[in-house]
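In what follows, a structure is listed as structure tokens, so that the remarks can point back to it.
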Amino acid sequence: MPAIFFRPTLFAATLAACLFLEAALAASSRGYLPVPPLALVAVAAWMPAFPVVGRLWLLGSAGFVMDTFGPDPFGTRLLSALAAALAAEMLMRVSTRESAAGRVGVPAALAAFMWLSAPLARASAGYISAFLL
Amino acid sequence: MMTTTIARKRIRAAVAGAAVVFFVAAAIASQSRPVALAREWIARMGRPLLSAGAYVGGYVRSAAGGDARNEREEDERYLSASAAEIRTLRKENESLRRLLGLKEESAVALQAANVMSYAQIMGRETLFIDRGRDEGIAEGDIVIDEDRLLVGEIMEALPGSSRVSVASNAGRAFSGSLVPLGGDILVKGLGGRALALELIPYDTPIRDGDAVRWMPKGQREGVAIFAGRVVAGTSAPTGAFKTGRAVLLARPDQLERVLVLTRP
């Protein structure tokens, strides 16, 4: 496999594994216990591994997949993933990625950003659709 | 050399811009046919993965000794629904009920659909079904299972598929009534299959095991659809109303087929 496809393939495999785990956890709790958004955490963890162009395409695709299966209106995870992909660039510039805190801190901050920006992204998707369609 | 670097930067910026434009357009036109087809395709492709996950989760649950408890819960659920239905039927005049039932049921069009995927994130459950706008399904249509238990509501109707938000999801609310003792109430989803019963009149008795019936506005009788079972009697009355808790009777994670009540 060419080196250029190696990381995207690993990224897709991680996303698939997280969706599998989410389904397994939901089935084992029979729906009574909340299942954490593992796919979102995995996506955030992979963000620093790609340059900005690859990040936008890959995370946009991941957002598309998460929105297809997720409970939010379509576009919520997609828009928040795109915003986080751009925010990651700024975060990585200000953080010292070589330190352990930087390695964990950037993905954690991005996961929190994606989680917290979901209501804003949901509202934005709704407003844009209402105005344009 | 310098020109090549600038050209590369421009190409990168153009590709990045294209990604943003492409995905924002997909988010805006989420209900258009091409995007809907892509979503349906992803749902179909992801189905084996999610089914495998659900199988493993079920295996873990049964290995942990949950089978006996599950069977008991299943029996309890079935008995609650049956008992509530019997009480409702007794309450009404048998011959009139039959006539009214026929009349009411003929006014409701039922659309059968297969469940393509089930997902649960942070207590919010969603189903993806293989019937959509092309079959007359619209947002807000009610989804029930084959035992006539309320599953949820269509949150998004795409051309060939739809997404269902389960009735117990946080933010969902519907009007209902208590069976057998009656009384109109407001039912709100809390997530994790829990329902909050609100605006229960002070003088309405409520007991553990009572059923919660889905009752749309303006409909007094007709199709009996049960949503939940009261599990936590009632809290202390505040003012003119009491509150209570119920659990959803339907099992969205185990559904393979559902029925959609489409409006004529």
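Chain lettering (A, B, ...) mirrors the order of the structure tokens, residue numbering begins at 1 for each chain separately, and ligand numbering begins at 1 in order of display.
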Write out as JSON lines the residues of chain A that have any atom within 9 Å of an atom of chain B, one row each with the nearest atom pair and its distance in Å to one decimal, counting only C-alpha atoms, sorted by chain and then rising number.
```
{"residue": "A:Ala16", "atom": "CA", "partner": "B:Leu49", "partner_atom": "CA", "distance": 7.6}
{"residue": "A:Ala17", "atom": "CA", "partner": "B:Leu49", "partner_atom": "CA", "distance": 8.7}
{"residue": "A:Leu19", "atom": "CA", "partner": "B:Leu50", "partner_atom": "CA", "distance": 6.9}
{"residue": "A:Phe20", "atom": "CA", "partner": "B:Gly53", "partner_atom": "CA", "distance": 4.8}
{"residue": "A:Leu21", "atom": "CA", "partner": "B:Gly53", "partner_atom": "CA", "distance": 6.2}
{"residue": "A:Glu22", "atom": "CA", "partner": "B:Gln120", "partner_atom": "CA", "distance": 7.4}
{"residue": "A:Ala23", "atom": "CA", "partner": "B:Gly53", "partner_atom": "CA", "distance": 4.9}
{"residue": "A:Ala24", "atom": "CA", "partner": "B:Gly57", "partner_atom": "CA", "distance": 4.0}
{"residue": "A:Leu25", "atom": "CA", "partner": "B:Gly57", "partner_atom": "CA", "distance": 5.9}
{"residue": "A:Ala26", "atom": "CA", "partner": "B:Gln120", "partner_atom": "CA", "distance": 6.0}
{"residue": "A:Ala27", "atom": "CA", "partner": "B:Gly57", "partner_atom": "CA", "distance": 4.7}
{"residue": "A:Ser28", "atom": "CA", "partner": "B:Gly57", "partner_atom": "CA", "distance": 4.3}
{"residue": "A:Ser29", "atom": "CA", "partner": "B:Arg61", "partner_atom": "CA", "distance": 7.6}
{"residue": "A:Arg30", "atom": "CA", "partner": "B:Asp253", "partner_atom": "CA", "distance": 7.1}
{"residue": "A:Gly31", "atom": "CA", "partner": "B:Gly192", "partner_atom": "CA", "distance": 5.8}
{"residue": "A:Tyr32", "atom": "CA", "partner": "B:Gly192", "partner_atom": "CA", "distance": 4.5}
{"residue": "A:Leu33", "atom": "CA", "partner": "B:Gly192", "partner_atom": "CA", "distance": 5.8}
{"residue": "A:Pro34", "atom": "CA", "partner": "B:Gly123", "partner_atom": "CA", "distance": 4.1}
{"residue": "A:Val35", "atom": "CA", "partner": "B:Met122", "partner_atom": "CA", "distance": 4.9}
{"residue": "A:Pro36", "atom": "CA", "partner": "B:Met122", "partner_atom": "CA", "distance": 5.5}
{"residue": "A:Pro37", "atom": "CA", "partner": "B:Ile121", "partner_atom": "CA", "distance": 5.9}
{"residue": "A:Leu38", "atom": "CA", "partner": "B:Ile121", "partner_atom": "CA", "distance": 8.9}
{"residue": "A:Val52", "atom": "CA", "partner": "B:Ala16", "partner_atom": "CA", "distance": 7.3}
{"residue": "A:Val53", "atom": "CA", "partner": "B:Ala16", "partner_atom": "CA", "distance": 4.8}
{"residue": "A:Gly54", "atom": "CA", "partner": "B:Ala16", "partner_atom": "CA", "distance": 8.0}
{"residue": "A:Arg55", "atom": "CA", "partner": "B:Ala16", "partner_atom": "CA", "distance": 8.9}
{"residue": "A:Leu56", "atom": "CA", "partner": "B:Ala19", "partner_atom": "CA", "distance": 6.1}
{"residue": "A:Trp57", "atom": "CA", "partner": "B:Ala19", "partner_atom": "CA", "distance": 5.6}
{"residue": "A:Gly60", "atom": "CA", "partner": "B:Phe23", "partner_atom": "CA", "distance": 6.3}
{"residue": "A:Ser61", "atom": "CA", "partner": "B:Phe23", "partner_atom": "CA", "distance": 8.1}
{"residue": "A:Phe64", "atom": "CA", "partner": "B:Arg39", "partner_atom": "CA", "distance": 7.9}
{"residue": "A:Val65", "atom": "CA", "partner": "B:Ile42", "partner_atom": "CA", "distance": 7.0}
{"residue": "A:Asp67", "atom": "CA", "partner": "B:Arg39", "partner_atom": "CA", "distance": 8.8}
{"residue": "A:Thr68", "atom": "CA", "partner": "B:Arg39", "partner_atom": "CA", "distance": 5.9}
{"residue": "A:Phe69", "atom": "CA", "partner": "B:Ala119", "partner_atom": "CA", "distance": 6.1}
{"residue": "A:Gly70", "atom": "CA", "partner": "B:Ala119", "partner_atom": "CA", "distance": 6.5}
{"residue": "A:Pro71", "atom": "CA", "partner": "B:Thr126", "partner_atom": "CA", "distance": 5.5}
{"residue": "A:Asp72", "atom": "CA", "partner": "B:Arg124", "partner_atom": "CA", "distance": 8.9}
{"residue": "A:Pro73", "atom": "CA", "partner": "B:Glu156", "partner_atom": "CA", "distance": 7.9}
{"residue": "A:Phe74", "atom": "CA", "partner": "B:Ser30", "partner_atom": "CA", "distance": 6.6}
{"residue": "A:Gly75", "atom": "CA", "partner": "B:Ala27", "partner_atom": "CA", "distance": 4.5}
{"residue": "A:Thr76", "atom": "CA", "partner": "B:Ala27", "partner_atom": "CA", "distance": 8.1}
{"residue": "A:Leu78", "atom": "CA", "partner": "B:Ala27", "partner_atom": "CA", "distance": 7.1}
{"residue": "A:Leu79", "atom": "CA", "partner": "B:Val24", "partner_atom": "CA", "distance": 7.0}
{"residue": "A:Leu82", "atom": "CA", "partner": "B:Val20", "partner_atom": "CA", "distance": 7.1}
{"residue": "A:Ala125", "atom": "CA", "partner": "B:Ile28", "partner_atom": "CA", "distance": 6.4}
{"residue": "A:Gly126", "atom": "CA", "partner": "B:Ile28", "partner_atom": "CA", "distance": 8.1}
{"residue": "A:Ile128", "atom": "CA", "partner": "B:Ile28", "partner_atom": "CA", "distance": 6.5}
{"residue": "A:Ser129", "atom": "CA", "partner": "B:Ile28", "partner_atom": "CA", "distance": 5.1}
{"residue": "A:Ala130", "atom": "CA", "partner": "B:Ile28", "partner_atom": "CA", "distance": 8.9}
{"residue": "A:Leu132", "atom": "CA", "partner": "B:Ile28", "partner_atom": "CA", "distance": 7.9}
{"residue": "A:Leu133", "atom": "CA", "partner": "B:Ala29", "partner_atom": "CA", "distance": 7.9}
```
Exercise for the section: Fewer than 3 positions away in the same chain doesn't count, so skip those; otherwise give me all residues within 10 Å of Asp208 (chain B), counting only C-alpha atoms, as a PyMOL selection string. Expected result: chain B and resi 211+229-234+244-246
Handout entry: Counting only C-alpha atoms, the option among B:Asp147, B:Glu135, B:Asp203, B:Asp130 closest to Val115 (chain B)
Key =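 Closest residue, counting only C-alpha atoms: B:Asp130.
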Problem - Ala84 (chain A) surroundings by only C-alpha atoms, 8 Å radius, close-in-sequence under 3 positions cut, as a count of residues only - result: 7
